[in-house]
file structure18.cif (mmCIF, C-alpha atoms and all ligand atoms)
data_data
#
loop_
_atom_site.label_atom_id
_atom_site.label_comp_id
_atom_site.auth_asym_id
_atom_site.auth_seq_id
_atom_site.Cartn_x
_atom_site.Cartn_y
_atom_site.Cartn_z
CA MET A 1 7.54 19.31 17.11
CA ASN A 2 8.48 20.61 13.65
CA TYR A 3 7.76 18.92 10.37
CA LYS A 4 9.71 18.47 7.19
CA GLU A 5 7.69 19.39 4.12
CA ILE A 6 8.67 17.74 0.84
CA THR A 7 7.20 19.39 -2.27
CA LEU A 8 6.99 17.47 -5.53
CA MET A 9 5.99 19.12 -8.82
CA VAL A 10 4.73 16.38 -11.11
CA ASN A 11 2.83 15.91 -14.37
CA HIS A 12 -0.80 14.79 -14.22
CA GLU A 13 -0.18 11.21 -15.31
CA LEU A 14 2.36 10.70 -12.54
CA GLU A 15 0.24 12.21 -9.76
CA PRO A 16 -2.02 9.20 -8.93
CA PHE A 17 1.08 7.07 -8.25
CA ILE A 18 2.64 9.62 -5.93
CA ALA A 19 0.28 9.18 -2.96
CA ASP A 20 0.92 5.42 -2.94
CA ILE A 21 4.68 5.92 -3.10
CA LEU A 22 4.57 8.51 -0.32
CA ASN A 23 2.47 6.20 1.84
CA GLU A 24 5.02 3.45 1.29
CA VAL A 25 7.82 5.68 2.61
CA GLY A 26 5.76 6.54 5.71
CA ALA A 27 4.38 10.00 4.91
CA ASN A 28 2.22 11.74 7.48
CA GLY A 29 -0.42 13.11 5.11
CA VAL A 30 -0.42 14.39 1.55
CA VAL A 31 -1.74 17.70 0.16
CA ILE A 32 -2.47 17.77 -3.57
CA GLU A 33 -2.64 21.14 -5.34
CA ASP A 34 -3.75 20.50 -8.92
CA SER A 35 -3.53 23.38 -11.41
CA LEU A 36 -6.71 22.05 -13.08
CA GLU A 37 -8.71 22.69 -9.88
CA LEU A 38 -8.88 26.36 -10.79
CA VAL A 39 -10.49 25.72 -14.17
CA LYS A 40 -12.86 22.98 -13.12
CA GLY A 41 -16.04 25.05 -13.19
CA ARG A 42 -17.55 23.60 -10.03
CA ILE A 43 -19.31 26.85 -9.26
CA GLU A 44 -21.34 26.85 -12.50
CA THR A 45 -22.19 23.18 -12.21
CA TYR A 46 -23.12 22.80 -8.60
CA GLY A 47 -23.73 26.19 -7.06
CA GLU A 48 -21.17 28.07 -5.05
CA ILE A 49 -19.77 26.23 -2.06
CA TYR A 50 -16.34 27.74 -1.75
CA GLU A 51 -13.89 29.74 -3.76
CA LEU A 52 -10.36 28.61 -4.41
CA ASN A 53 -7.46 30.94 -3.87
CA PRO A 54 -5.30 30.91 -7.04
CA ASP A 55 -2.22 31.56 -4.87
CA ASP A 56 -2.66 28.08 -3.39
CA TYR A 57 -2.29 26.35 -6.76
CA PRO A 58 0.55 25.95 -9.28
CA GLU A 59 0.20 27.45 -12.78
CA SER A 60 0.52 24.05 -14.41
CA ASP A 61 0.82 20.36 -13.45
CA VAL A 62 0.32 19.20 -9.86
CA ARG A 63 2.05 20.19 -6.61
CA VAL A 64 2.09 17.42 -4.01
CA LYS A 65 3.17 18.34 -0.49
CA VAL A 66 3.95 15.69 2.06
CA TYR A 67 4.93 15.93 5.70
CA PHE A 68 7.26 13.98 7.97
CA SER A 69 7.88 14.63 11.63
CA GLU A 70 11.48 15.78 12.04
CA LEU A 71 12.14 12.60 14.01
CA ASP A 72 11.11 10.38 11.10
CA TYR A 73 12.73 12.36 8.32
CA SER A 74 16.07 11.66 6.69
CA ASP A 75 17.46 12.73 3.30
CA ALA A 76 17.46 9.06 2.29
CA ILE A 77 13.65 9.34 1.98
CA ILE A 78 14.09 11.59 -1.07
CA ASP A 79 16.35 9.01 -2.71
CA VAL A 80 13.79 6.26 -2.07
CA ILE A 81 10.98 8.41 -3.53
CA LYS A 82 13.06 9.08 -6.67
CA GLU A 83 13.96 5.42 -6.96
CA LYS A 84 10.32 4.33 -6.72
CA ILE A 85 9.24 6.91 -9.29
CA ASN A 86 12.02 5.84 -11.66
CA GLY A 87 10.88 2.23 -11.20
CA LEU A 88 7.32 2.93 -12.37
CA GLN A 89 6.39 1.22 -15.60
CA ASP A 90 4.11 2.53 -18.36
CA VAL A 91 3.93 5.99 -16.77
CA GLU A 92 5.21 9.09 -18.48
CA VAL A 93 7.35 11.17 -16.09
CA SER A 94 7.57 14.48 -17.94
CA ARG A 95 7.94 16.61 -14.79
CA LEU A 96 9.52 15.77 -11.47
CA GLU A 97 10.99 18.44 -9.20
CA ILE A 98 11.54 17.80 -5.50
CA SER A 99 12.31 20.39 -2.80
CA THR A 100 12.15 20.43 1.01
CA ASP A 101 11.29 22.94 3.74
CA GLU A 102 10.80 23.07 7.53
CA VAL A 103 7.29 23.82 8.88
CA GLN A 104 5.89 24.41 12.38
CA GLU A 105 3.38 21.93 13.76
CA GLU A 106 0.49 24.47 13.73
CA ASP A 107 1.12 25.24 10.04
CA TRP A 108 1.02 21.56 9.20
CA ALA A 109 -2.30 21.05 10.98
CA ASN A 110 -3.81 24.10 9.30
CA GLU A 111 -2.64 23.13 5.85
CA TRP A 112 -5.57 20.71 5.50
CA LYS A 113 -8.10 23.24 6.65
CA ASN A 114 -6.90 25.80 4.09
CA HIS A 115 -7.30 23.36 1.27
CA PHE A 116 -10.15 21.07 2.03
CA HIS A 117 -13.72 22.30 2.34
CA ALA A 118 -17.19 20.85 1.97
CA PHE A 119 -17.97 20.43 -1.71
CA LYS A 120 -20.52 18.80 -3.98
CA ALA A 121 -18.72 15.93 -5.69
CA SER A 122 -21.78 15.06 -7.79
CA GLU A 123 -25.45 15.99 -8.04
CA SER A 124 -26.33 14.26 -4.78
CA PHE A 125 -23.07 13.53 -2.92
CA VAL A 126 -21.52 16.25 -0.76
CA VAL A 127 -18.16 15.57 0.89
CA VAL A 128 -17.83 17.29 4.26
CA PRO A 129 -14.64 17.36 6.39
CA SER A 130 -14.91 17.03 10.17
CA TRP A 131 -14.02 20.69 10.81
CA GLU A 132 -16.95 22.07 8.80
CA ASN A 133 -20.67 22.19 9.36
CA TYR A 134 -22.80 21.70 6.31
CA GLU A 135 -26.55 22.14 6.07
CA LYS A 136 -28.21 19.94 3.49
CA GLN A 137 -29.54 22.05 0.60
CA ASN A 138 -32.30 19.54 -0.14
CA ASP A 139 -33.55 16.11 0.95
CA ASP A 140 -31.96 14.35 -2.01
CA GLU A 141 -28.44 15.17 -0.89
CA PHE A 142 -26.20 12.58 0.72
CA ILE A 143 -23.40 13.67 3.01
CA ILE A 144 -20.15 11.74 2.99
CA LYS A 145 -18.01 12.62 6.01
CA LEU A 146 -14.34 12.42 5.04
CA ASP A 147 -11.08 14.04 6.06
CA PRO A 148 -8.14 14.03 3.69
CA GLY A 149 -5.45 11.69 4.87
CA MET A 150 -3.49 8.63 4.05
CA ALA A 151 -5.71 7.09 1.37
CA PHE A 152 -6.77 8.31 -2.08
CA GLY A 153 -10.40 9.28 -2.54
CA THR A 154 -11.71 12.49 -1.09
CA GLY A 155 -13.97 13.03 -4.08
CA ASP A 156 -12.17 16.05 -5.47
CA HIS A 157 -10.24 14.02 -8.04
CA ALA A 158 -11.97 13.78 -11.43
CA THR A 159 -11.83 9.98 -11.40
CA THR A 160 -13.61 9.73 -8.04
CA SER A 161 -16.24 12.33 -8.85
CA MET A 162 -16.98 10.71 -12.22
CA CYS A 163 -17.44 7.37 -10.41
CA LEU A 164 -19.78 9.05 -7.89
CA LYS A 165 -21.83 10.46 -10.75
CA LEU A 166 -22.14 7.04 -12.40
CA ILE A 167 -22.93 5.44 -9.03
CA GLU A 168 -25.78 7.87 -8.33
CA LYS A 169 -27.14 7.22 -11.82
CA TYR A 170 -26.92 3.42 -11.92
CA VAL A 171 -26.69 1.86 -8.45
CA GLN A 172 -30.03 0.63 -7.05
CA PRO A 173 -31.11 -0.38 -3.54
CA ASN A 174 -30.23 -3.98 -2.60
CA GLN A 175 -27.69 -4.42 -5.37
CA SER A 176 -24.58 -6.30 -4.28
CA VAL A 177 -21.35 -4.38 -4.78
CA ILE A 178 -17.63 -5.03 -4.72
CA ASP A 179 -15.38 -1.96 -4.59
CA VAL A 180 -11.89 -2.83 -5.84
CA GLY A 181 -9.21 -0.34 -4.75
CA THR A 182 -11.48 1.27 -2.20
CA GLY A 183 -8.86 3.78 -0.98
CA SER A 184 -10.69 6.04 1.47
CA GLY A 185 -13.84 3.91 0.99
CA ILE A 186 -15.72 6.82 -0.59
CA LEU A 187 -17.41 4.82 -3.37
CA SER A 188 -18.58 2.14 -0.94
CA ILE A 189 -20.01 4.80 1.38
CA ALA A 190 -21.87 6.31 -1.59
CA ALA A 191 -23.25 2.91 -2.61
CA HIS A 192 -24.38 2.25 0.97
CA GLN A 193 -26.18 5.59 1.08
CA LEU A 194 -28.08 4.58 -2.06
CA GLY A 195 -29.19 1.38 -0.33
CA ALA A 196 -26.83 -1.09 -2.03
CA ALA A 197 -26.14 -4.24 -0.01
CA PRO A 198 -24.11 -6.28 0.62
CA ILE A 199 -20.94 -4.28 -0.07
CA LYS A 200 -17.37 -5.52 0.02
CA ALA A 201 -14.46 -3.06 -0.13
CA LEU A 202 -10.96 -4.28 -1.09
CA ASP A 203 -7.57 -2.65 -1.33
CA LEU A 204 -4.08 -3.94 -1.92
CA ASP A 205 -2.79 -1.44 0.61
CA SER A 206 -3.52 -2.36 4.22
CA VAL A 207 -3.23 1.31 5.27
CA ALA A 208 -6.06 2.14 2.86
CA VAL A 209 -8.19 -0.66 4.33
CA ARG A 210 -7.65 0.82 7.82
CA VAL A 211 -8.50 4.32 6.63
CA ALA A 212 -11.60 2.99 4.83
CA VAL A 213 -12.80 1.26 8.00
CA ASP A 214 -12.33 4.54 9.95
CA ASN A 215 -14.36 6.33 7.31
CA PHE A 216 -17.08 3.66 7.39
CA GLU A 217 -17.31 4.25 11.14
CA LYS A 218 -17.54 8.02 10.66
CA ASN A 219 -20.37 7.44 8.21
CA ASP A 220 -22.18 4.88 10.39
CA CYS A 221 -21.79 2.07 7.89
CA ALA A 222 -18.95 -0.04 9.32
CA ASP A 223 -21.37 -2.89 10.00
CA ALA A 224 -22.73 -2.79 6.47
CA ILE A 225 -19.45 -2.87 4.54
CA GLN A 226 -16.97 -5.71 4.67
CA ALA A 227 -13.46 -4.24 4.27
CA GLU A 228 -10.47 -6.46 3.52
CA PRO A 229 -7.04 -6.39 1.93
CA GLY A 230 -7.25 -7.88 -1.56
CA ASN A 231 -5.51 -7.89 -4.91
CA LEU A 232 -8.03 -7.02 -7.62
CA LEU A 233 -10.64 -9.81 -7.79
CA LYS A 234 -8.25 -12.64 -7.06
CA GLY A 235 -9.93 -15.21 -4.83
CA GLU A 236 -13.41 -13.69 -5.23
CA SER A 237 -16.13 -16.14 -6.21
CA GLU A 238 -19.43 -14.59 -5.07
CA LYS A 239 -21.33 -13.02 -7.95
CA ARG A 240 -22.19 -9.29 -7.71
CA ASP A 241 -24.52 -6.82 -9.36
CA VAL A 242 -22.01 -3.97 -9.51
CA ILE A 243 -18.20 -3.76 -9.47
CA PHE A 244 -16.32 -0.50 -8.89
CA ALA A 245 -12.68 -0.16 -9.93
CA ASN A 246 -11.12 3.28 -9.91
CA ILE A 247 -7.49 2.24 -10.15
CA LEU A 248 -5.35 2.89 -13.23
CA ALA A 249 -5.78 1.72 -16.83
CA HIS A 250 -3.04 -0.91 -16.84
CA ILE A 251 -4.31 -2.34 -13.52
CA VAL A 252 -8.00 -2.20 -14.51
CA ASP A 253 -6.96 -4.02 -17.67
CA LEU A 254 -5.77 -6.96 -15.55
CA MET A 255 -9.19 -7.48 -13.98
CA ILE A 256 -11.55 -7.04 -16.93
CA ASP A 257 -11.98 -10.77 -17.60
CA ASP A 258 -12.43 -11.59 -13.89
CA SER A 259 -14.95 -8.76 -13.45
CA TYR A 260 -17.07 -10.07 -16.32
CA ALA A 261 -17.03 -13.58 -14.86
CA LEU A 262 -18.00 -12.27 -11.40
CA LEU A 263 -20.94 -10.10 -12.47
CA ASN A 264 -24.52 -11.31 -12.49
CA ASP A 265 -26.38 -10.98 -15.79
CA ASN A 266 -27.22 -7.29 -16.36
CA GLY A 267 -24.48 -6.44 -13.85
CA LEU A 268 -22.45 -3.26 -14.25
CA LEU A 269 -18.74 -2.44 -14.07
CA ILE A 270 -18.04 1.19 -13.11
CA THR A 271 -14.39 1.90 -13.74
CA SER A 272 -12.09 4.92 -13.88
CA GLY A 273 -8.47 5.90 -13.27
CA ILE A 274 -8.11 5.65 -17.04
CA ILE A 275 -6.37 8.45 -18.92
CA LEU A 276 -7.84 9.51 -22.28
CA GLU A 277 -4.95 7.95 -24.18
CA LYS A 278 -5.85 4.51 -22.79
CA GLU A 279 -9.61 4.75 -23.57
CA GLU A 280 -9.44 2.83 -26.83
CA MET A 281 -7.37 0.01 -25.35
CA ILE A 282 -9.71 -0.46 -22.37
CA VAL A 283 -12.93 -0.18 -24.41
CA GLU A 284 -11.59 -2.71 -26.91
CA HIS A 285 -10.82 -5.16 -24.08
CA LEU A 286 -14.21 -4.62 -22.42
CA GLU A 287 -16.06 -5.28 -25.67
CA ARG A 288 -13.89 -8.28 -26.49
CA VAL A 289 -14.97 -10.08 -23.28
CA GLY A 290 -18.64 -9.28 -23.95
CA TYR A 291 -19.34 -5.98 -22.16
CA LYS A 292 -21.67 -3.43 -23.74
CA ILE A 293 -20.48 0.12 -23.11
CA GLU A 294 -23.34 1.91 -21.38
CA GLU A 295 -21.64 5.29 -20.95
CA ILE A 296 -18.24 6.99 -21.02
CA THR A 297 -17.62 10.27 -19.22
CA ARG A 298 -14.52 12.43 -19.55
CA GLU A 299 -13.03 15.07 -17.25
CA ASN A 300 -9.58 16.65 -16.90
CA GLY A 301 -7.93 14.11 -19.17
CA TRP A 302 -9.47 11.13 -17.36
CA ILE A 303 -12.36 8.88 -18.38
CA ALA A 304 -14.87 6.77 -16.47
CA ILE A 305 -16.82 3.91 -18.02
CA ALA A 306 -20.04 2.14 -17.13
CA ALA A 307 -20.01 -1.25 -18.89
CA ARG A 308 -22.87 -3.74 -18.80
CA LYS A 309 -22.76 -7.53 -18.82
CA GLU A 310 -25.88 -8.12 -20.88
CA ALA A 311 -28.11 -11.08 -20.09
C1 LIG B 401 -7.15 5.93 -7.42
S1 LIG B 401 -7.36 5.13 -5.86
C2 LIG B 401 -9.14 5.05 -5.79
C3 LIG B 401 -9.71 5.23 -4.42
C4 LIG B 401 -11.25 5.33 -4.36
N1 LIG B 401 -11.87 4.09 -4.78
C5 LIG B 401 -11.74 6.46 -5.25
O1 LIG B 401 -12.48 6.20 -6.21
O2 LIG B 401 -11.39 7.62 -4.98
C6 LIG B 401 -6.86 3.51 -6.27
C7 LIG B 401 -6.76 2.54 -5.10
O3 LIG B 401 -6.51 1.25 -5.64
C8 LIG B 401 -5.62 0.56 -4.80
N2 LIG B 401 -4.97 -0.49 -5.61
C9 LIG B 401 -3.94 -0.39 -6.46
N3 LIG B 401 -3.66 -1.59 -7.01
C10 LIG B 401 -4.56 -2.48 -6.49
C11 LIG B 401 -4.78 -3.88 -6.66
N4 LIG B 401 -4.02 -4.60 -7.47
N5 LIG B 401 -5.79 -4.46 -5.96
C12 LIG B 401 -6.56 -3.74 -5.12
N6 LIG B 401 -6.39 -2.40 -4.90
C13 LIG B 401 -5.40 -1.78 -5.59
C14 LIG B 401 -4.68 1.64 -4.28
O4 LIG B 401 -4.06 1.23 -3.08
C15 LIG B 401 -5.64 2.82 -4.11
O5 LIG B 401 -6.17 2.87 -2.80
#

call {"tool": "encode", "arguments": {"input": "structure18.cif", "output": "structure tokens"}}
result
Amino acid sequence: MNYKEITLMVNHELEPFIADILNEVGANGVVIEDSLELVKGRIETYGEIYELNPDDYPESDVRVKVYFSELDYSDAIIDVIKEKINGLQDVEVSRLEISTDEVQEEDWANEWKNHFHAFKASESFVVVPSWENYEKQNDDEFIIKLDPGMAFGTGDHATTSMCLKLIEKYVQPNQSVIDVGTGSGILSIAAHQLGAAPIKALDLDSVAVRVAVDNFEKNDCADAIQAEPGNLLKGESEKRDVIFANILAHIVDLMIDDSYALLNDNGLLITSGIILEKEEMIVEHLERVGYKIEEITRENGWIAIAARKEA
């Protein structure tokens, strides 16, 4: 069977919304080629794991490629994608170009393997796809087994890797965790590997919940993590030691008050998905409800925050 490849060139602020929109129109996998990947400096920071081929990346902005089987594809899909993008609120759409192409099945399957390799997402977390073998470099490393697919969160996005870095720094064994917007489940898997328990993983998108459960199985932690559909912290009443929320600034903003109420004293909110321009607004809201900002990290135009509910 052949596949239809749709290529979208988009600005960085628009990119996090694209995977959700493509999932909603039934995409069969998304490849993200971010121009910033080439300047990220992973090699200096973490030791060489792989080299990127500049030919695979655009000169600026982000190229998102998505695949439909030729049986599922119709031109109406492009109209729906455009409509959904035009309907986004509070998001600057400064670049949007859409083109299509035909690809052979083998090319589609190999596309992932060309782009996705084992990599160190933080000091101790290494993300390893199923088609690669990876030997631990030292006993302190944790391996997260993940294949790219239908849910956000393979660890190579700045927001996810900044969360992983904060998680490895702050999360302690036996702390209770709730992971809001779990996507692929990567942050919950990381917390489990550090000994956190119990862990609950929520996502608004039922496809993401299914993908997360698959990933929990691959990482032998399906029994330890409760995965459910959920809208932010609505309906949650059990207090937690740590809350993760890597969503987007205007969505994180909606759950700041609830997160504070749900944390135990000395509990920590680890949040990202926030672009630099929204830092002041989010920090102001966090401080207004009583959080003390423990740490803010910044990468590729995104920030991550660790905020403490002081006793
Ligand atoms: C940027 S991804 C983060 C995935 C993963 N936690 C990570 O750090 O890579 C954001 C996720 O939040 C989910 N999401 C968006 N709005 C939500 C809401 N109101 N409640 C729960 N999840 C939501 C999306 O479906 C998506 O899976």

call {"tool": "residues_around", "arguments": {"input": "structure18.cif", "residues": "range 280-284 of chain A", "least_positions_apart": "3", "cutoff": "9 Å", "atoms": "all atoms listed in the file", "output": "PyMOL selection string"}}
result
chain A and resi 249-250+252-253+256+274+276-277+287-289+291+293+305

call {"tool": "write_last_selection", "arguments": {"input": "structure18.cif", "atoms": "C-alpha atoms", "output": "short mmCIF file (atom, residue, chain, number, x, y, z; two decimals), keeping the file's coordinate frame"}}
result
data_model
loop_
_atom_site.label_atom_id
_atom_site.label_comp_id
_atom_site.auth_asym_id
_atom_site.auth_seq_id
_atom_site.Cartn_x
_atom_site.Cartn_y
_atom_site.Cartn_z
CA ALA A 249 -5.78 1.72 -16.83
CA HIS A 250 -3.04 -0.91 -16.84
CA VAL A 252 -8.00 -2.20 -14.51
CA ASP A 253 -6.96 -4.02 -17.67
CA ILE A 256 -11.55 -7.04 -16.93
CA ILE A 274 -8.11 5.65 -17.04
CA LEU A 276 -7.84 9.51 -22.28
CA GLU A 277 -4.95 7.95 -24.18
CA GLU A 287 -16.06 -5.28 -25.67
CA ARG A 288 -13.89 -8.28 -26.49
CA VAL A 289 -14.97 -10.08 -23.28
CA TYR A 291 -19.34 -5.98 -22.16
CA ILE A 293 -20.48 0.12 -23.11
CA ILE A 305 -16.82 3.91 -18.02
#

call {"tool": "residues_around", "arguments": {"input": "structure18.cif", "residues": "range 61-63 of chain A", "least_positions_apart": "5", "cutoff": "12 Å", "atoms": "only C-alpha atoms", "output": "PyMOL selection string"}}
result
chain A and resi 6-16+18-19+30-38+56+93-99+157+300

call {"tool": "write_last_selection", "arguments": {"input": "structure18.cif", "atoms": "C-alpha atoms", "output": "PDB file, in the coordinates of the input"}}
result
ATOM      1  CA  ILE A   6       8.670  17.740   0.840  1.00  0.00           C
ATOM      2  CA  THR A   7       7.200  19.390  -2.270  1.00  0.00           C
ATOM      3  CA  LEU A   8       6.990  17.470  -5.530  1.00  0.00           C
ATOM      4  CA  MET A   9       5.990  19.120  -8.820  1.00  0.00           C
ATOM      5  CA  VAL A  10       4.730  16.380 -11.110  1.00  0.00           C
ATOM      6  CA  ASN A  11       2.830  15.910 -14.370  1.00  0.00           C
ATOM      7  CA  HIS A  12      -0.800  14.790 -14.220  1.00  0.00           C
ATOM      8  CA  GLU A  13      -0.180  11.210 -15.310  1.00  0.00           C
ATOM      9  CA  LEU A  14       2.360  10.700 -12.540  1.00  0.00           C
ATOM     10  CA  GLU A  15       0.240  12.210  -9.760  1.00  0.00           C
ATOM     11  CA  PRO A  16      -2.020   9.200  -8.930  1.00  0.00           C
ATOM     12  CA  ILE A  18       2.640   9.620  -5.930  1.00  0.00           C
ATOM     13  CA  ALA A  19       0.280   9.180  -2.960  1.00  0.00           C
ATOM     14  CA  VAL A  30      -0.420  14.390   1.550  1.00  0.00           C
ATOM     15  CA  VAL A  31      -1.740  17.700   0.160  1.00  0.00           C
ATOM     16  CA  ILE A  32      -2.470  17.770  -3.570  1.00  0.00           C
ATOM     17  CA  GLU A  33      -2.640  21.140  -5.340  1.00  0.00           C
ATOM     18  CA  ASP A  34      -3.750  20.500  -8.920  1.00  0.00           C
ATOM     19  CA  SER A  35      -3.530  23.380 -11.410  1.00  0.00           C
ATOM     20  CA  LEU A  36      -6.710  22.050 -13.080  1.00  0.00           C
ATOM     21  CA  GLU A  37      -8.710  22.690  -9.880  1.00  0.00           C
ATOM     22  CA  LEU A  38      -8.880  26.360 -10.790  1.00  0.00           C
ATOM     23  CA  ASP A  56      -2.660  28.080  -3.390  1.00  0.00           C
ATOM     24  CA  VAL A  93       7.350  11.170 -16.090  1.00  0.00           C
ATOM     25  CA  SER A  94       7.570  14.480 -17.940  1.00  0.00           C
ATOM     26  CA  ARG A  95       7.940  16.610 -14.790  1.00  0.00           C
ATOM     27  CA  LEU A  96       9.520  15.770 -11.470  1.00  0.00           C
ATOM     28  CA  GLU A  97      10.990  18.440  -9.200  1.00  0.00           C
ATOM     29  CA  ILE A  98      11.540  17.800  -5.500  1.00  0.00           C
ATOM     30  CA  SER A  99      12.310  20.390  -2.800  1.00  0.00           C
ATOM     31  CA  HIS A 157     -10.240  14.020  -8.040  1.00  0.00           C
ATOM     32  CA  ASN A 300      -9.580  16.650 -16.900  1.00  0.00           C
TER      33      ASN A 300
END

call {"tool": "residues_near_ligand", "arguments": {"input": "structure18.cif", "ligand": "ligand LIG 401 (chain B)", "cutoff": "9 Å", "atoms": "all atoms listed in the file", "output": "JSON, numbers by chain"}}
result
{"A": [16, 17, 19, 20, 151, 152, 153, 154, 155, 156, 157, 158, 159, 160, 161, 162, 163, 164, 179, 180, 181, 182, 183, 184, 185, 186, 187, 188, 201, 202, 203, 204, 205, 206, 207, 208, 209, 229, 230, 231, 232, 233, 234, 244, 245, 246, 247, 248, 251, 252, 254, 255, 271, 272, 273]}

call {"tool": "atom_distance", "arguments": {"input": "structure18.cif", "atom1": "CA of Leu262 in chain A", "atom2": "CA of Glu295 in chain A"}}
result
20.3 Å

call {"tool": "closest_residue", "arguments": {"input": "structure18.cif", "among": "A:Ala227, A:Val64, A:Ile303, A:Val103", "to": "Val211 in chain A", "atoms": "all atoms listed in the file"}}
result
A:Ala227

call {"tool": "atom_distance", "arguments": {"input": "structure18.cif", "atom1": "CA of Asp257 in chain A", "atom2": "CA of Glu24 in chain A"}}
result
29.1 Å

call {"tool": "atom_distance", "arguments": {"input": "structure18.cif", "atom1": "CA of Arg240 in chain A", "atom2": "CA of Asn266 in chain A"}}
result
10.2 Å

call {"tool": "residues_around", "arguments": {"input": "structure18.cif", "residues": "Val127 in chain A", "least_positions_apart": "6", "cutoff": "10 Å", "atoms": "only C-alpha atoms", "output": "PyMOL selection string"}}
result
chain A and resi 116-121+134+142-147+154-156+186

call {"tool": "closest_residue", "arguments": {"input": "structure18.cif", "among": "A:Val177, A:Ala222, A:Ile270, A:Ile296", "to": "Asp241 in chain A", "atoms": "all atoms listed in the file"}}
result
A:Val177

call {"tool": "closest_residue", "arguments": {"input": "structure18.cif", "among": "A:Ile77, A:Leu22, A:Ala261, A:Ala190", "to": "Gln172 in chain A", "atoms": "only C-alpha atoms"}}
result
A:Ala190

call {"tool": "residues_around", "arguments": {"input": "structure18.cif", "residues": "Val80 in chain A", "least_positions_apart": "3", "cutoff": "10 Å", "atoms": "all atoms listed in the file", "output": "list in words"}}
result
Ile21, Leu22, Glu24, Val25, Asp75, Ala76, Ile77, Glu83, Lys84, Ile85 and Asn86 of chain A

call {"tool": "closest_residue", "arguments": {"input": "structure18.cif", "among": "A:Ser130, A:Asp258, A:Ser122, A:Lys239", "to": "Lys169 in chain A", "atoms": "all atoms listed in the file"}}
result
A:Ser122
